[in-house]
Amino acid sequence: MNWKFWSKKNTKTNKKKKSQTREWVDAIIFAVVAATLIRAFFIEAYTIPTPSMERSLLVGDFLFVSKVNYGARTPMTPIAFPFAHHTMPLIGTKAYWDGIELNYHRLPGFSDVKKGDVVVFNYPMEADSPFNRPVDKRENYIKRCQGTPGDTLSLVDGQVYVNGKAAPNPPGEQTDYTVTTTGIDINPQSIQDLSITNYEGGPPTMTKESAASLKGFSNVKAVTQNIAQKDMQDPSTFPNSQSKPKDHKYKWNVDNYGPVIIPKKGWTVKLDSLTLPFYRRAITVYEGNTLQEVGNDILINGKKTDSYTFKMNYYWMMGDNRHDSLDSRFWGFVPEDHIVGKALFIWMSWDDNASFFSKIRWSRLFRGIH
């Protein structure tokens with residue numbers, strides 16, 4: 001009897017083995033895709049480029065920023081070169097194609113942005129010329145959230161007040177001071193130990209704790225915090241910095257500022273000569289409406305109105321280095337679609353100005369950000 005019908009047919013085909021080059025290409029593609037997804041939806045590395053957050057965060061600190069805490073944004077400019085933010089390295093061209101731009105959406109997160117959080121966000125002013133960048137391709141900034149949607153915020157002699165109550169001061173907050181000595185110079189090592197910056201170039205910048213210690217030196221007569229006087233107008237502060245000629249001009253500065261109401265989704269504001277300077281940009285640039293002023297009339301999308309209801313939440317961001325920070329005091333509100341993520345911890349800290357064997361700030365490694 002022929003039992004061959006019991007045997008399985010040999011269906012195995014001769015598969016062509018992948019070349020070593022093909023295996024490398026597949027591995028690289030997989031790694032790029034995986035890293036891009038992690039960077040977009042979970043966690044991203046960030047470097048502190050400026051001293052605006054000192055002494056909380058130092059130039060040369062390398063951070064991890066969580067996308068999941070507030071919920072990751074879905075890609076808004078989906079066609080872009082991997083790992084390049086907005087500009088291609090070396091050649092300096094755009095690293096994205098803005099022919100396709102998607103609407104803003106955010107995945108569910110663990111929490112909303114809270115007052116006191118250290119937040120990475122896209123710099124809102126890069127919506128303007130000469131950059132004209134899409135929201136998610138604007139430069140990354142890092143500041144501390146001082147006001148959340150619906151809050152009324154002001155500064156009195158450098159102290160932030162939210163809804164009429166003094167806000168907690170950041171642990172590393174510092175400002176400029178005037179130091180008067182008896183004529184005997186302060187030991188440079190003491191200046192370094194107290195983390196005082198700009199002492200030679202002036203005005204020296206330090207925390208309140210360092211200022212208190214410096215006052216105890218025998219050759220120091222006085223240490224006075226530099227506070228801009230109330231009603232002294234700084235034309236570079238918001239909304240003066242974005243006002244039109246007929247707008248009301250506010251006598252505000254970086255230390256005495258406000259009050260200002262931070263827009264909240266669903267909040268309806270009455271539009272007039274006093275409120276329009278604050279909210280014109282949010283209505284037009286961030287929420288995509290056209291606004292015209294014809295005589296005393298206000299037209300939004302061609303329709304006469306005296307009010308506007310906001311579509312997004314907004315935030316007020318400030319640097320801990322209060323006299324050396326370009327923040328909401330100068331350019332206003334940060335829309336919710338600009339929020340990138342929450343700063344978690346420092347994984348590396350590098351001091352370019354230190355000697356070769358002291359460049360790594362070992363005490364800052366894996367330090368949480370508060």
# chains A, B, ... in the order shown; residues from 1 in each chain; ligands from 1
call {"tool": "select_by_dssp", "arguments": {"residues": "segment 96-332 of chain A", "states": "helix (DSSP H, G or I)", "output": "PyMOL selection string"}}
result
chain A and resi 124-127+135-137+188-193+208-215+240-242+276-286+328-331
call {"tool": "select_by_dssp", "arguments": {"residues": "segment 166-358 of chain A", "states": "strand (DSSP E)", "output": "ChimeraX atom specification"}}
result
/A:166,174-181,205-207,220-225,257-261,268-270,291-294,297-300,303-305,307-309,314-318,334-335,339-349
call {"tool": "closest_residue", "arguments": {"among": "A:Ile142, A:Val118, A:Val220, A:Met53", "to": "Gly172 of chain A", "atoms": "only C-alpha atoms"}}
result
A:Met53
call {"tool": "closest_residue", "arguments": {"among": "A:Gly109, A:Pro51, A:Gly60, A:Gly201", "to": "Lys143 of chain A", "atoms": "only C-alpha atoms"}}
result
A:Pro51
call {"tool": "residues_around", "arguments": {"residues": "Arg361 of chain A", "least_positions_apart": "6", "cutoff": "7 Å", "atoms": "only C-alpha atoms", "output": "list in words"}}
result
Ser349, Trp350 and Asp351 of chain A
call {"tool": "atom_distance", "arguments": {"atom1": "atom CA of Asp185 of chain A", "atom2": "atom CA of Gly202 of chain A"}}
result
14.2 Å
